[in-house]
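**Q** I am sharing target_2.pdb, which consists of PDB, C-alpha atoms:
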ATOM      1  CA  MET A   1      96.208 166.361 148.995
ATOM      2  CA  GLY A   2      99.777 165.135 148.724
ATOM      3  CA  LEU A   3     102.762 167.184 147.695
ATOM      4  CA  PHE A   4     102.839 165.800 144.124
ATOM      5  CA  ASP A   5      99.082 165.396 143.542
ATOM      6  CA  LYS A   6      98.952 168.509 141.344
ATOM      7  CA  LEU A   7     101.521 166.963 138.996
ATOM      8  CA  ARG A   8      99.520 163.794 138.392
ATOM      9  CA  PRO A   9      97.415 163.718 135.248
ATOM     10  CA  LYS A  10      93.725 164.375 135.769
ATOM     11  CA  ARG A  11      91.493 161.402 135.060
ATOM     12  CA  GLY A  12      88.168 161.735 133.311
ATOM     13  CA  LYS A  13      85.129 159.612 133.988
ATOM     14  CA  GLY A  14      85.537 155.899 133.510
ATOM     15  CA  LYS A  15      88.254 153.470 134.394
ATOM     16  CA  PRO A  16      91.827 154.731 134.528
ATOM     17  CA  GLY A  17      93.744 153.864 131.391
ATOM     18  CA  THR A  18      90.680 153.411 129.183
ATOM     19  CA  LEU A  19      89.926 155.505 126.125
ATOM     20  CA  ARG A  20      86.601 157.262 125.646
ATOM     21  CA  GLN A  21      84.619 155.625 122.856
ATOM     22  CA  ALA A  22      82.815 157.483 120.089
ATOM     23  CA  SER A  23      79.491 158.828 121.313
ATOM     24  CA  LYS A  24      76.196 159.785 119.715
ATOM     25  CA  GLN A  25      77.262 163.419 120.164
ATOM     26  CA  ASP A  26      80.424 162.735 118.141
ATOM     27  CA  THR A  27      78.423 161.159 115.320
ATOM     28  CA  SER A  28      75.788 163.904 115.395
ATOM     29  CA  HIS A  29      78.457 166.577 115.152
ATOM     30  CA  LEU A  30      80.059 164.850 112.158
ATOM     31  CA  GLU A  31      76.692 164.450 110.415
ATOM     32  CA  GLU A  32      75.679 168.077 110.953
ATOM     33  CA  TRP A  33      79.101 169.398 109.973
ATOM     34  CA  ALA A  34      79.243 167.352 106.763
ATOM     35  CA  ALA A  35      75.687 168.331 105.804
ATOM     36  CA  SER A  36      76.430 172.043 106.163
ATOM     37  CA  ARG A  37      79.559 172.113 103.975
ATOM     38  CA  THR A  38      80.514 171.199 100.422
ATOM     39  CA  GLY A  39      83.317 169.052  99.061
ATOM     40  CA  VAL A  40      83.748 167.149 102.315
ATOM     41  CA  GLU A  41      86.266 164.314 102.535
ATOM     42  CA  ALA A  42      87.006 162.059 105.517
ATOM     43  CA  TYR A  43      90.502 161.213 106.777
ATOM     44  CA  VAL A  44      90.674 158.411 109.335
ATOM     45  CA  GLU A  45      93.355 158.626 112.005
ATOM     46  CA  PRO A  46      94.296 155.291 113.596
ATOM     47  CA  ARG A  47      93.899 154.490 117.255
ATOM     48  CA  THR A  48      96.923 155.276 119.407
ATOM     49  CA  ASN A  49      97.847 154.727 123.047
ATOM     50  CA  VAL A  50      96.417 158.161 123.810
ATOM     51  CA  THR A  51      93.374 158.506 121.512
ATOM     52  CA  ASP A  52      90.817 156.218 119.990
ATOM     53  CA  THR A  53      90.190 156.104 116.229
ATOM     54  CA  THR A  54      89.221 159.548 114.945
ATOM     55  CA  VAL A  55      87.973 160.947 111.679
ATOM     56  CA  VAL A  56      88.869 164.380 110.330
ATOM     57  CA  LEU A  57      86.320 165.874 107.958
ATOM     58  CA  VAL A  58      87.769 168.452 105.575
ATOM     59  CA  ALA A  59      85.585 170.794 103.507
ATOM     60  CA  HIS A  60      86.397 172.239 100.074
ATOM     61  CA  ASP A  61      87.992 175.361 101.616
ATOM     62  CA  GLY A  62      90.138 173.435 104.109
ATOM     63  CA  GLU A  63      87.926 174.007 107.137
ATOM     64  CA  TRP A  64      88.002 170.862 109.247
ATOM     65  CA  THR A  65      86.680 169.101 112.314
ATOM     66  CA  ARG A  66      87.794 165.997 114.218
ATOM     67  CA  ARG A  67      85.777 163.546 116.307
ATOM     68  CA  ARG A  68      86.094 160.001 117.568
ATOM     69  CA  ILE A  69      84.615 157.194 115.519
ATOM     70  CA  ALA A  70      84.220 153.529 116.432
ATOM     71  CA  ASP A  71      86.738 152.193 113.892
ATOM     72  CA  PHE A  72      87.791 152.353 110.245
ATOM     73  CA  ASP A  73      84.761 150.327 109.124
ATOM     74  CA  ALA A  74      82.448 152.824 110.858
ATOM     75  CA  ALA A  75      84.198 155.650 108.997
ATOM     76  CA  LEU A  76      83.716 153.804 105.700
ATOM     77  CA  GLU A  77      80.019 153.356 106.469
ATOM     78  CA  PHE A  78      79.701 157.029 107.455
ATOM     79  CA  GLY A  79      81.264 158.051 104.134
ATOM     80  CA  ARG A  80      79.240 155.586 102.076
ATOM     81  CA  LYS A  81      75.930 156.833 103.489
ATOM     82  CA  ARG A  82      76.851 160.434 102.723
ATOM     83  CA  GLN A  83      78.804 159.844  99.505
ATOM     84  CA  ILE A  84      81.973 161.205 101.126
ATOM     85  CA  PRO A  85      85.345 159.748 100.111
ATOM     86  CA  VAL A  86      87.226 158.160 103.021
ATOM     87  CA  TYR A  87      91.016 158.000 103.212
ATOM     88  CA  GLU A  88      93.526 156.591 105.685
ATOM     89  CA  VAL A  89      95.579 159.574 106.798
ATOM     90  CA  ALA A  90      98.563 157.281 107.491
ATOM     91  CA  ARG A  91      98.639 156.400 103.771
ATOM     92  CA  VAL A  92      97.729 159.661 102.056
ATOM     93  CA  GLY A  93      98.432 162.386 104.625
ATOM     94  CA  TYR A  94      96.294 165.455 105.180
ATOM     95  CA  PRO A  95      95.144 167.512 102.207
ATOM     96  CA  LYS A  96      97.064 170.662 101.298
ATOM     97  CA  ARG A  97      93.931 172.782 101.622
ATOM     98  CA  MET A  98      93.659 171.814 105.309
ATOM     99  CA  ARG A  99      97.222 172.971 106.006
ATOM    100  CA  GLU A 100      96.567 176.188 104.074
ATOM    101  CA  TYR A 101      93.365 176.794 106.066
ATOM    102  CA  MET A 102      95.258 176.395 109.361
ATOM    103  CA  ALA A 103      97.975 178.776 108.130
ATOM    104  CA  ARG A 104      95.316 181.386 107.226
ATOM    105  CA  GLN A 105      93.689 180.997 110.629
ATOM    106  CA  LYS A 106      97.026 181.432 112.379
ATOM    107  CA  LYS A 107      97.887 184.485 110.272
ATOM    108  CA  GLU A 108      94.503 186.023 111.133
ATOM    109  CA  GLY A 109      95.084 185.319 114.832
ATOM    110  CA  ARG A 110      92.338 182.695 115.132
ATOM    111  CA  GLY A 111      94.441 179.625 115.678
TER     112      GLY A 111
END
Go ahead and render the structure in this file as structure tokens.
**A**
Amino acid sequence: MGLFDKLRPKRGKGKPGTLRQASKQDTSHLEEWAASRTGVEAYVEPRTNVTDTTVVLVAHDGEWTRRRIADFDAALEFGRKRQIPVYEVARVGYPKRMREYMARQKKEGRG
């Protein structure tokens, strides 16, 4: 081990510099989460240099979850099959109830 090896970023499985794609586990989590909550909406976050395309599902009370998804079209299909509205977060932002939920969690010492 070299002197600066501890400072180098850790690499996950796969080729260096490649992003992890959405997996069946990601999709399963989204499906189960959406099925167990009411008033769910989907907010698609665009791909960046650091993360692949993700979707944030937000329930009626502001509870939320985030997972990778193949692309915007896959998010639209996910929403269509489940009758969930899909929004581009870059255009509409996150819903107020999500921010309020995070503030409650922080106040209660959970976040």
**Q** State, in Å with one decimal place, the distance from CA of Arg68 (chain A) to CA of Glu31 (chain A).
**A** 12.6 Å
**Q** Find the residue from A:Glu63, A:Glu77, A:Glu88, A:Asp71 that sits nearest to Gln105 (chain A); use only C-alpha atoms when measuring.
**A**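 Of the candidates, the smallest distance to Gln105 (chain A) is held by A:Glu63.
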**Q** Counting only C-alpha atoms, which residues in region 58-99 of chain A sit no more than 6 Å from region 38-53 of chain A? For each one, give the nearest pair of atoms and the distance in Å, sorted by chain then residue number, as CSV.
**A**
residue,atom,partner,partner_atom,distance
A:Val58,CA,A:Val40,CA,5.3
A:Ala59,CA,A:Val40,CA,4.3
A:His60,CA,A:Gly39,CA,4.5
A:Arg68,CA,A:Thr53,CA,5.8
A:Ile69,CA,A:Thr53,CA,5.7
A:Asp71,CA,A:Thr53,CA,5.7
A:Ile84,CA,A:Glu41,CA,5.5
A:Pro85,CA,A:Glu41,CA,5.3
A:Val86,CA,A:Ala42,CA,4.6
A:Tyr87,CA,A:Tyr43,CA,4.8
A:Glu88,CA,A:Val44,CA,5.0
A:Val89,CA,A:Tyr43,CA,5.3
**Q** Which residues are near Leu30 (chain A)? Cut-off 8 Å, all atoms listed in the file, ignore same chain within fewer than 6 positions. Put them as a list in words.
**A**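 These residues fall inside the cut-off: Leu57, Thr65 and Arg67 of chain A.
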**Q** Please measure the separation of CA of Trp33 (chain A) and CA of Gly109 (chain A), giving the value in Å to one decimal.
**A**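 Distance reported for this atom pair: 23.1 Å.
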**Q** Between CA of Thr54 (chain A) and CA of Glu100 (chain A), what distance in Å does the model show, to one decimal?
**A**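 Interatomic distance, CA of Thr54 (chain A) to CA of Glu100 (chain A): 21.2 Å.
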**Q** Quick one: residues within 12 Å of Met102 (chain A), only C-alpha atoms, excluding same-chain residues fewer than 2 positions away - as a list of chain:residue names?
**A**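 The residues that qualify are A:Val58, A:Asp61, A:Gly62, A:Glu63, A:Trp64, A:Thr65, A:Tyr94, A:Pro95, A:Lys96, A:Arg97, A:Met98, A:Arg99, A:Glu100, A:Arg104, A:Gln105, A:Lys106, A:Lys107, A:Glu108, A:Gly109, A:Arg110, A:Gly111.
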**Q** Using all atoms listed in the file, which residue out of A:Thr27, A:Arg66, A:Ala103, A:Ala34 lies closest to Gln83 (chain A)?
**A**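 With all atoms listed in the file as the atom set, the closest residue is A:Ala34.
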**Q** Nearest to Ala70 (chain A) among A:Ala22, A:Arg82, A:Val56, A:Ala35, with distances taken over all atoms listed in the file: which residue is it?
**A**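 Among A:Ala22, A:Arg82, A:Val56, A:Ala35, it is A:Ala22 that comes nearest to Ala70 (chain A).
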**Q** Calculate, to one decimal in Å, the centre and edge lengths of the box along x, y and z of the file that holds all listed atoms of region 91-105 of chain A with 3 Å of margin on each side, and present them as AutoDock Vina command-line options.
**A**
--center_x 96.0 --center_y 168.9 --center_z 106.0 --size_x 11.3 --size_y 31.0 --size_z 15.3
